[in-house]
Amino acid sequence: MGSRRVEPPAGSAAGLPGEADDRAASCVSLLACPVCLAPLGRAGRALGCAAGHSYDLARQGHVDLLPAGHGRSGITGDTAGMVEARRRFLDAGHYQPLTRAVVRTAAECLMAAAGDEGRRPVALDAGCGDGSYLGAVARLLAAGGGQGPGPARPPCLFGLDVSRPAVRLAAGRHKETLFFRGDVNHRICMVDNSVDVLLNVFAPRNAREFGRVVRRDGTLLVVVPGPGHLAQLRGRLPLLDIPADKRDRTVADLAPEFRPAGEERVEHDLELDGDALTDLLRMTPSAWHLDDEHIADAAAMAPLRVTASFLLMVFRVGLRLRVPE
Ligand SMILES: C[S@@+](CC[C@H](N)C(=O)[O-])C[C@H]1O[C@@H](n2cnc3c(N)ncnc32)[C@H](O)[C@@H]1O
Ligand SMILES: [Zn+2]
């Protein structure tokens, strides 16, 4: 992480996503210091808090906010090979119907959050991978959110992932988003009640931390695989199971911080050639359990028609009744 003492933040300067147009109300101050939880600001080529903790900005513009010693946890997220496979697969448009559904819902919520006050709406993608969803949200909002003009002021977009290659790739591709390394299971380095829309697509969840950072009137969008997802491959390869009660478990995991407020099933068939099948298998969490022989077997099945099945779940903040300590 490289925490060291520096001068207190000197305010924002050009170069970071969200700063160029409105330096006074920079998005950066919504990030929290992993050491003392104070808001961060720009300090030269680093972000820093008022207590002097500092985090260098990488050349691509992302920042590592993992706490010191996190390396010992062994949690490193997706490898460079997995991230690249995901980027190719998503760029080829194979999950386009899902992307459209997620991005349309996120954009609607962000537009509503901006309201008439002209506030900058804030989105965080937790477990953002290559940042594709936020990239598509930014494009849709810039184009007016699909209906009428977009928010008066551009959104603050943040992407969080524990994988170094993921945030590096994402930051290199999506300049409108601020990407940072962090561990969802540990702490989300954003200040309390700062996020209007939290995206969580096939990634780990942390109900307590999600509940802390999402605003009271905010929205959590979760995507989990549907029961028939990749069924044609599941029968022939040792892919991870999708529990039949995945939806109910997700609702239970997120309660009482969040309550379900709607869901949409997205299902379509994919026609995959050998390269696409290889990428699909290399990008999934099942990749950890598959060897080269499995991947070659799958590629040899091409062309193959495969069902993609997803559940997009919408949550609103729950009652947040807390027992006094
Ligand atoms: C299956 S991928 C999904 C990526 C992206 N949401 C998408 O749908 O394209 C899961 C992502 O979660 C990240 N991840 C895994 N464990 C994590 C953790 N504890 N904290 C943050 N990110 C994590 C991985 O590095 C990976 O990028
Ligand atoms: Zn600090």
# chains A, B, ... in the order shown; residues from 1 in each chain; ligands from 1
>>> closest_atom_pairs(of="region 120-190 of chain A", to="region 94-105 of chain A", cutoff="10 Å", atoms="only C-alpha atoms", output="CSV")
residue,atom,partner,partner_atom,distance
A:Ser132,CA,A:Thr99,CA,8.5
A:Tyr133,CA,A:Thr99,CA,6.5
A:Leu134,CA,A:Val103,CA,7.9
A:Gly135,CA,A:Val103,CA,9.4
A:Ala136,CA,A:Val103,CA,6.5
A:Val137,CA,A:Val103,CA,5.3
A:Ala138,CA,A:Val103,CA,9.1
A:Arg139,CA,A:Val103,CA,9.6
A:Leu140,CA,A:Val103,CA,7.7
A:Leu141,CA,A:Arg104,CA,9.5
A:Gly145,CA,A:Arg104,CA,7.8
A:Gly146,CA,A:Arg104,CA,8.0
>>> residues_around(residues="region 286-295 of chain A", least_positions_apart="5", cutoff="12 Å", atoms="only C-alpha atoms", output="list of chain:residue names")
A:Gly77, A:Asp78, A:Thr79, A:Gly81, A:Met82, A:Val83, A:Ala85, A:Arg86, A:Leu230, A:Leu233, A:Arg234, A:Arg236, A:Leu237, A:Pro238, A:Leu239, A:Leu240, A:Asp241, A:Ile242, A:Gly274, A:Asp275, A:Ala276, A:Leu277, A:Thr278, A:Asp279, A:Leu280, A:Leu281, A:Ala300, A:Met301, A:Ala302
>>> write_last_selection(atoms="N, CA and C atoms", output="compact mmCIF listing (two decimals), in the first residue's frame")
# COMPACT_ATOMS: atom_id res chain seq x y z
N GLY A 77 -7.74 -11.84 -5.79
CA GLY A 77 -8.75 -11.67 -6.84
C GLY A 77 -8.32 -12.30 -8.15
N ASP A 78 -8.96 -11.85 -9.21
CA ASP A 78 -8.74 -12.47 -10.52
C ASP A 78 -7.32 -12.21 -11.02
N THR A 79 -6.78 -13.20 -11.71
CA THR A 79 -5.45 -13.07 -12.29
C THR A 79 -5.53 -12.25 -13.57
N GLY A 81 -4.74 -13.19 -16.48
CA GLY A 81 -5.33 -14.02 -17.54
C GLY A 81 -6.85 -14.02 -17.47
N MET A 82 -7.39 -14.10 -16.25
CA MET A 82 -8.86 -14.09 -16.08
C MET A 82 -9.44 -12.73 -16.50
N VAL A 83 -8.76 -11.67 -16.08
CA VAL A 83 -9.26 -10.33 -16.38
C VAL A 83 -9.25 -10.07 -17.89
N ALA A 85 -9.38 -12.36 -20.25
CA ALA A 85 -10.41 -13.21 -20.87
C ALA A 85 -11.78 -12.55 -20.71
N ARG A 86 -12.05 -11.98 -19.53
CA ARG A 86 -13.34 -11.30 -19.28
C ARG A 86 -13.49 -10.09 -20.18
N LEU A 230 -25.29 -21.32 -18.17
CA LEU A 230 -24.26 -22.19 -18.78
C LEU A 230 -24.58 -23.68 -18.57
N LEU A 233 -22.72 -26.35 -20.52
CA LEU A 233 -21.32 -26.61 -20.15
C LEU A 233 -21.24 -27.30 -18.79
N ARG A 234 -22.16 -26.92 -17.93
CA ARG A 234 -22.15 -27.43 -16.56
C ARG A 234 -22.26 -28.97 -16.54
N ARG A 236 -21.02 -30.95 -18.67
CA ARG A 236 -19.86 -31.62 -19.28
C ARG A 236 -18.52 -31.26 -18.65
N LEU A 237 -18.52 -30.26 -17.81
CA LEU A 237 -17.26 -29.80 -17.19
C LEU A 237 -17.47 -29.57 -15.70
N PRO A 238 -16.41 -29.67 -14.91
CA PRO A 238 -16.57 -29.47 -13.46
C PRO A 238 -16.66 -27.99 -13.09
N LEU A 239 -17.78 -27.35 -13.48
CA LEU A 239 -17.99 -25.93 -13.12
C LEU A 239 -18.60 -25.85 -11.73
N LEU A 240 -18.39 -24.71 -11.07
CA LEU A 240 -18.96 -24.52 -9.73
C LEU A 240 -20.48 -24.58 -9.81
N ASP A 241 -21.09 -25.19 -8.81
CA ASP A 241 -22.56 -25.30 -8.77
C ASP A 241 -23.21 -23.94 -8.54
N ILE A 242 -24.42 -23.81 -9.05
CA ILE A 242 -25.23 -22.64 -8.69
C ILE A 242 -26.33 -23.15 -7.77
N GLY A 274 -14.76 -21.47 -30.55
CA GLY A 274 -13.76 -22.03 -29.64
C GLY A 274 -13.08 -20.97 -28.79
N ASP A 275 -12.75 -19.82 -29.39
CA ASP A 275 -12.07 -18.75 -28.63
C ASP A 275 -12.99 -18.20 -27.54
N ALA A 276 -14.27 -18.00 -27.89
CA ALA A 276 -15.21 -17.45 -26.91
C ALA A 276 -15.43 -18.44 -25.77
N LEU A 277 -15.53 -19.72 -26.11
CA LEU A 277 -15.69 -20.74 -25.05
C LEU A 277 -14.48 -20.73 -24.12
N THR A 278 -13.31 -20.63 -24.71
CA THR A 278 -12.08 -20.61 -23.91
C THR A 278 -12.09 -19.40 -22.97
N ASP A 279 -12.44 -18.23 -23.51
CA ASP A 279 -12.48 -17.02 -22.67
C ASP A 279 -13.52 -17.16 -21.57
N LEU A 280 -14.68 -17.70 -21.92
CA LEU A 280 -15.76 -17.83 -20.93
C LEU A 280 -15.29 -18.69 -19.75
N LEU A 281 -14.62 -19.79 -20.07
CA LEU A 281 -14.17 -20.67 -18.98
C LEU A 281 -13.02 -20.05 -18.21
N ALA A 300 -13.21 -27.68 -28.16
CA ALA A 300 -13.50 -28.67 -29.21
C ALA A 300 -15.01 -28.85 -29.40
N MET A 301 -15.82 -28.39 -28.45
CA MET A 301 -17.29 -28.50 -28.58
C MET A 301 -17.83 -27.43 -29.53
N ALA A 302 -17.01 -26.47 -29.91
CA ALA A 302 -17.48 -25.33 -30.71
C ALA A 302 -17.87 -25.79 -32.12
>>> residues_around(residues="region 164-179 of chain A", least_positions_apart="6", cutoff="7 Å", atoms="only C-alpha atoms", output="list in words")
Pro17, Gly18, Gln60, Gly61, His62, Val63, Thr79, Ala80, Val83, Gly129, Asp130, Gly131, Gly135, Leu157 and Phe158 of chain A
>>> residues_near_ligand(ligand="ligand 1", cutoff="6 Å", atoms="only C-alpha atoms and all ligand atoms", output="VMD selection string")
chain A and resid 77 to 78 127 to 129 161 to 163 166 182 to 185 201 to 204 284 to 285
>>> closest_residue(among="A:His53, A:Arg45, A:Arg181, A:His186", to="ligand 2", atoms="only C-alpha atoms and all ligand atoms")
A:His53
>>> residues_near_ligand(ligand="ligand 2", cutoff="8 Å", atoms="only C-alpha atoms and all ligand atoms", output="PyMOL selection string")
chain A and resi 32-40+48-54
>>> write_last_selection(atoms="C-alpha atoms", output="PDB file, in the first residue's frame")
ATOM      1  CA  ALA A  32     -11.824   7.284   2.830  1.00  0.00           C
ATOM      2  CA  CYS A  33      -8.323   6.726   4.165  1.00  0.00           C
ATOM      3  CA  PRO A  34      -7.802   3.013   4.919  1.00  0.00           C
ATOM      4  CA  VAL A  35      -5.848   3.904   8.069  1.00  0.00           C
ATOM      5  CA  CYS A  36      -7.952   6.601   9.779  1.00  0.00           C
ATOM      6  CA  LEU A  37     -11.133   6.676   7.606  1.00  0.00           C
ATOM      7  CA  ALA A  38     -10.873  10.429   7.031  1.00  0.00           C
ATOM      8  CA  PRO A  39     -11.796  11.738   3.557  1.00  0.00           C
ATOM      9  CA  LEU A  40      -8.990  11.772   1.015  1.00  0.00           C
ATOM     10  CA  GLY A  48      -3.845  11.803   1.150  1.00  0.00           C
ATOM     11  CA  CYS A  49      -5.841  12.474   4.310  1.00  0.00           C
ATOM     12  CA  ALA A  50      -5.517  15.367   6.741  1.00  0.00           C
ATOM     13  CA  ALA A  51      -3.512  13.123   9.107  1.00  0.00           C
ATOM     14  CA  GLY A  52      -0.835  12.753   6.437  1.00  0.00           C
ATOM     15  CA  HIS A  53      -1.423   9.192   5.219  1.00  0.00           C
ATOM     16  CA  SER A  54      -0.662   9.048   1.528  1.00  0.00           C
TER      17      SER A  54
END
>>> atom_distance(atom1="CA of Leu312 (chain A)", atom2="CA of Pro225 (chain A)")
8.8 Å
>>> select_by_dssp(residues="region 56-130 of chain A", states="helix (DSSP H, G or I)", output="PDB file with N, CA and C atoms, in the first residue's frame")
ATOM      1  N   HIS A  70      -2.302  -6.581   4.039  1.00  0.00           N
ATOM      2  CA  HIS A  70      -3.374  -7.339   3.390  1.00  0.00           C
ATOM      3  C   HIS A  70      -2.801  -8.480   2.546  1.00  0.00           C
ATOM      4  N   GLY A  71      -1.596  -8.280   2.026  1.00  0.00           N
ATOM      5  CA  GLY A  71      -0.962  -9.299   1.183  1.00  0.00           C
ATOM      6  C   GLY A  71      -0.925 -10.665   1.859  1.00  0.00           C
ATOM      7  N   ARG A  72      -0.819 -10.660   3.201  1.00  0.00           N
ATOM      8  CA  ARG A  72      -0.736 -11.937   3.926  1.00  0.00           C
ATOM      9  C   ARG A  72      -2.052 -12.706   3.863  1.00  0.00           C
ATOM     10  N   SER A  73      -3.148 -12.029   3.518  1.00  0.00           N
ATOM     11  CA  SER A  73      -4.451 -12.710   3.469  1.00  0.00           C
ATOM     12  C   SER A  73      -4.512 -13.685   2.287  1.00  0.00           C
ATOM     13  N   ALA A  80      -4.349 -11.855 -14.074  1.00  0.00           N
ATOM     14  CA  ALA A  80      -4.316 -11.077 -15.322  1.00  0.00           C
ATOM     15  C   ALA A  80      -4.980 -11.872 -16.450  1.00  0.00           C
ATOM     16  N   GLY A  81      -4.743 -13.192 -16.482  1.00  0.00           N
ATOM     17  CA  GLY A  81      -5.332 -14.020 -17.541  1.00  0.00           C
ATOM     18  C   GLY A  81      -6.855 -14.022 -17.471  1.00  0.00           C
ATOM     19  N   MET A  82      -7.394 -14.095 -16.248  1.00  0.00           N
ATOM     20  CA  MET A  82      -8.858 -14.085 -16.083  1.00  0.00           C
ATOM     21  C   MET A  82      -9.440 -12.731 -16.496  1.00  0.00           C
ATOM     22  N   VAL A  83      -8.760 -11.674 -16.081  1.00  0.00           N
ATOM     23  CA  VAL A  83      -9.256 -10.328 -16.377  1.00  0.00           C
ATOM     24  C   VAL A  83      -9.252 -10.073 -17.885  1.00  0.00           C
ATOM     25  N   GLU A  84      -8.176 -10.498 -18.556  1.00  0.00           N
ATOM     26  CA  GLU A  84      -8.089 -10.303 -20.010  1.00  0.00           C
ATOM     27  C   GLU A  84      -9.161 -11.116 -20.726  1.00  0.00           C
ATOM     28  N   ALA A  85      -9.377 -12.359 -20.253  1.00  0.00           N
ATOM     29  CA  ALA A  85     -10.410 -13.206 -20.865  1.00  0.00           C
ATOM     30  C   ALA A  85     -11.777 -12.551 -20.712  1.00  0.00           C
ATOM     31  N   ARG A  86     -12.054 -11.977 -19.534  1.00  0.00           N
ATOM     32  CA  ARG A  86     -13.338 -11.299 -19.277  1.00  0.00           C
ATOM     33  C   ARG A  86     -13.492 -10.091 -20.182  1.00  0.00           C
ATOM     34  N   ARG A  87     -12.412  -9.333 -20.320  1.00  0.00           N
ATOM     35  CA  ARG A  87     -12.479  -8.140 -21.176  1.00  0.00           C
ATOM     36  C   ARG A  87     -12.821  -8.534 -22.619  1.00  0.00           C
ATOM     37  N   ARG A  88     -12.131  -9.566 -23.129  1.00  0.00           N
ATOM     38  CA  ARG A  88     -12.405  -9.986 -24.522  1.00  0.00           C
ATOM     39  C   ARG A  88     -13.842 -10.459 -24.660  1.00  0.00           C
ATOM     40  N   PHE A  89     -14.300 -11.256 -23.672  1.00  0.00           N
ATOM     41  CA  PHE A  89     -15.642 -11.835 -23.752  1.00  0.00           C
ATOM     42  C   PHE A  89     -16.707 -10.726 -23.693  1.00  0.00           C
ATOM     43  N   LEU A  90     -16.543  -9.774 -22.782  1.00  0.00           N
ATOM     44  CA  LEU A  90     -17.529  -8.686 -22.670  1.00  0.00           C
ATOM     45  C   LEU A  90     -17.447  -7.754 -23.877  1.00  0.00           C
ATOM     46  N   ASP A  91     -16.221  -7.471 -24.336  1.00  0.00           N
ATOM     47  CA  ASP A  91     -16.061  -6.595 -25.509  1.00  0.00           C
ATOM     48  C   ASP A  91     -16.736  -7.204 -26.736  1.00  0.00           C
ATOM     49  N   GLN A  96     -24.250  -8.677 -23.636  1.00  0.00           N
ATOM     50  CA  GLN A  96     -24.844  -7.361 -23.915  1.00  0.00           C
ATOM     51  C   GLN A  96     -26.229  -7.179 -23.286  1.00  0.00           C
ATOM     52  N   PRO A  97     -27.124  -8.188 -23.355  1.00  0.00           N
ATOM     53  CA  PRO A  97     -28.446  -7.997 -22.732  1.00  0.00           C
ATOM     54  C   PRO A  97     -28.341  -7.728 -21.227  1.00  0.00           C
ATOM     55  N   LEU A  98     -27.400  -8.382 -20.569  1.00  0.00           N
ATOM     56  CA  LEU A  98     -27.221  -8.139 -19.129  1.00  0.00           C
ATOM     57  C   LEU A  98     -26.672  -6.730 -18.915  1.00  0.00           C
ATOM     58  N   THR A  99     -25.644  -6.381 -19.692  1.00  0.00           N
ATOM     59  CA  THR A  99     -25.060  -5.041 -19.552  1.00  0.00           C
ATOM     60  C   THR A  99     -26.140  -3.977 -19.725  1.00  0.00           C
ATOM     61  N   ARG A 100     -26.989  -4.164 -20.760  1.00  0.00           N
ATOM     62  CA  ARG A 100     -28.049  -3.168 -21.016  1.00  0.00           C
ATOM     63  C   ARG A 100     -28.975  -3.038 -19.818  1.00  0.00           C
ATOM     64  N   ALA A 101     -29.379  -4.202 -19.245  1.00  0.00           N
ATOM     65  CA  ALA A 101     -30.325  -4.172 -18.116  1.00  0.00           C
ATOM     66  C   ALA A 101     -29.691  -3.500 -16.899  1.00  0.00           C
ATOM     67  N   VAL A 102     -28.453  -3.861 -16.601  1.00  0.00           N
ATOM     68  CA  VAL A 102     -27.770  -3.296 -15.426  1.00  0.00           C
ATOM     69  C   VAL A 102     -27.590  -1.788 -15.600  1.00  0.00           C
ATOM     70  N   VAL A 103     -27.107  -1.421 -16.779  1.00  0.00           N
ATOM     71  CA  VAL A 103     -26.739  -0.030 -17.013  1.00  0.00           C
ATOM     72  C   VAL A 103     -27.985   0.858 -17.081  1.00  0.00           C
ATOM     73  N   ARG A 104     -29.055   0.354 -17.686  1.00  0.00           N
ATOM     74  CA  ARG A 104     -30.301   1.133 -17.747  1.00  0.00           C
ATOM     75  C   ARG A 104     -30.823   1.394 -16.320  1.00  0.00           C
ATOM     76  N   THR A 105     -30.843   0.349 -15.496  1.00  0.00           N
ATOM     77  CA  THR A 105     -31.352   0.509 -14.129  1.00  0.00           C
ATOM     78  C   THR A 105     -30.452   1.447 -13.336  1.00  0.00           C
ATOM     79  N   ALA A 106     -29.137   1.252 -13.467  1.00  0.00           N
ATOM     80  CA  ALA A 106     -28.203   2.114 -12.722  1.00  0.00           C
ATOM     81  C   ALA A 106     -28.361   3.566 -13.153  1.00  0.00           C
ATOM     82  N   ALA A 107     -28.479   3.790 -14.466  1.00  0.00           N
ATOM     83  CA  ALA A 107     -28.586   5.167 -14.967  1.00  0.00           C
ATOM     84  C   ALA A 107     -29.879   5.816 -14.477  1.00  0.00           C
ATOM     85  N   GLU A 108     -30.978   5.059 -14.478  1.00  0.00           N
ATOM     86  CA  GLU A 108     -32.253   5.617 -13.984  1.00  0.00           C
ATOM     87  C   GLU A 108     -32.114   6.042 -12.523  1.00  0.00           C
ATOM     88  N   CYS A 109     -31.495   5.173 -11.721  1.00  0.00           N
ATOM     89  CA  CYS A 109     -31.333   5.495 -10.288  1.00  0.00           C
ATOM     90  C   CYS A 109     -30.430   6.708 -10.101  1.00  0.00           C
ATOM     91  N   LEU A 110     -29.389   6.814 -10.909  1.00  0.00           N
ATOM     92  CA  LEU A 110     -28.471   7.946 -10.778  1.00  0.00           C
ATOM     93  C   LEU A 110     -29.153   9.250 -11.190  1.00  0.00           C
ATOM     94  N   MET A 111     -29.966   9.170 -12.250  1.00  0.00           N
ATOM     95  CA  MET A 111     -30.700  10.366 -12.697  1.00  0.00           C
ATOM     96  C   MET A 111     -31.660  10.814 -11.598  1.00  0.00           C
ATOM     97  N   ALA A 112     -32.343   9.840 -10.995  1.00  0.00           N
ATOM     98  CA  ALA A 112     -33.297  10.180  -9.928  1.00  0.00           C
ATOM     99  C   ALA A 112     -32.548  10.775  -8.739  1.00  0.00           C
ATOM    100  N   ALA A 113     -31.372  10.231  -8.443  1.00  0.00           N
ATOM    101  CA  ALA A 113     -30.596  10.720  -7.294  1.00  0.00           C
ATOM    102  C   ALA A 113     -30.139  12.156  -7.526  1.00  0.00           C
ATOM    103  N   ALA A 114     -29.771  12.462  -8.768  1.00  0.00           N
ATOM    104  CA  ALA A 114     -29.314  13.823  -9.071  1.00  0.00           C
ATOM    105  C   ALA A 114     -30.457  14.811  -8.881  1.00  0.00           C
TER     106      ALA A 114
END
>>> decode(residues="region 207-234 of chain A", atoms="C-alpha atoms", output="tab-separated table (two decimals), in the first residue's frame")
chain	number	residue	atom	x	y	z
A	207	ALA	CA	-23.85	-6.37	3.74
A	208	ARG	CA	-22.50	-4.32	6.64
A	209	GLU	CA	-20.07	-2.31	4.53
A	210	PHE	CA	-22.55	-1.92	1.66
A	211	GLY	CA	-25.06	-0.65	4.22
A	212	ARG	CA	-22.55	1.84	5.61
A	213	VAL	CA	-21.60	3.43	2.28
A	214	VAL	CA	-24.97	3.43	0.50
A	215	ARG	CA	-27.12	6.51	1.17
A	216	ARG	CA	-30.46	6.04	2.93
A	217	ASP	CA	-32.30	6.68	-0.33
A	218	GLY	CA	-29.75	4.70	-2.34
A	219	THR	CA	-29.97	1.51	-4.38
A	220	LEU	CA	-28.01	-1.71	-4.44
A	221	LEU	CA	-28.01	-3.67	-7.73
A	222	VAL	CA	-26.84	-7.26	-7.44
A	223	VAL	CA	-26.42	-9.72	-10.30
A	224	VAL	CA	-26.23	-13.44	-9.58
A	225	PRO	CA	-26.30	-16.33	-12.06
A	226	GLY	CA	-29.71	-17.84	-12.72
A	227	PRO	CA	-30.33	-21.58	-12.26
A	228	GLY	CA	-29.85	-22.44	-15.95
A	229	HIS	CA	-26.69	-20.37	-16.45
A	230	LEU	CA	-24.26	-22.19	-18.78
A	231	ALA	CA	-26.27	-25.39	-18.27
A	232	GLN	CA	-24.88	-26.98	-21.46
A	233	LEU	CA	-21.32	-26.61	-20.15
A	234	ARG	CA	-22.15	-27.43	-16.56
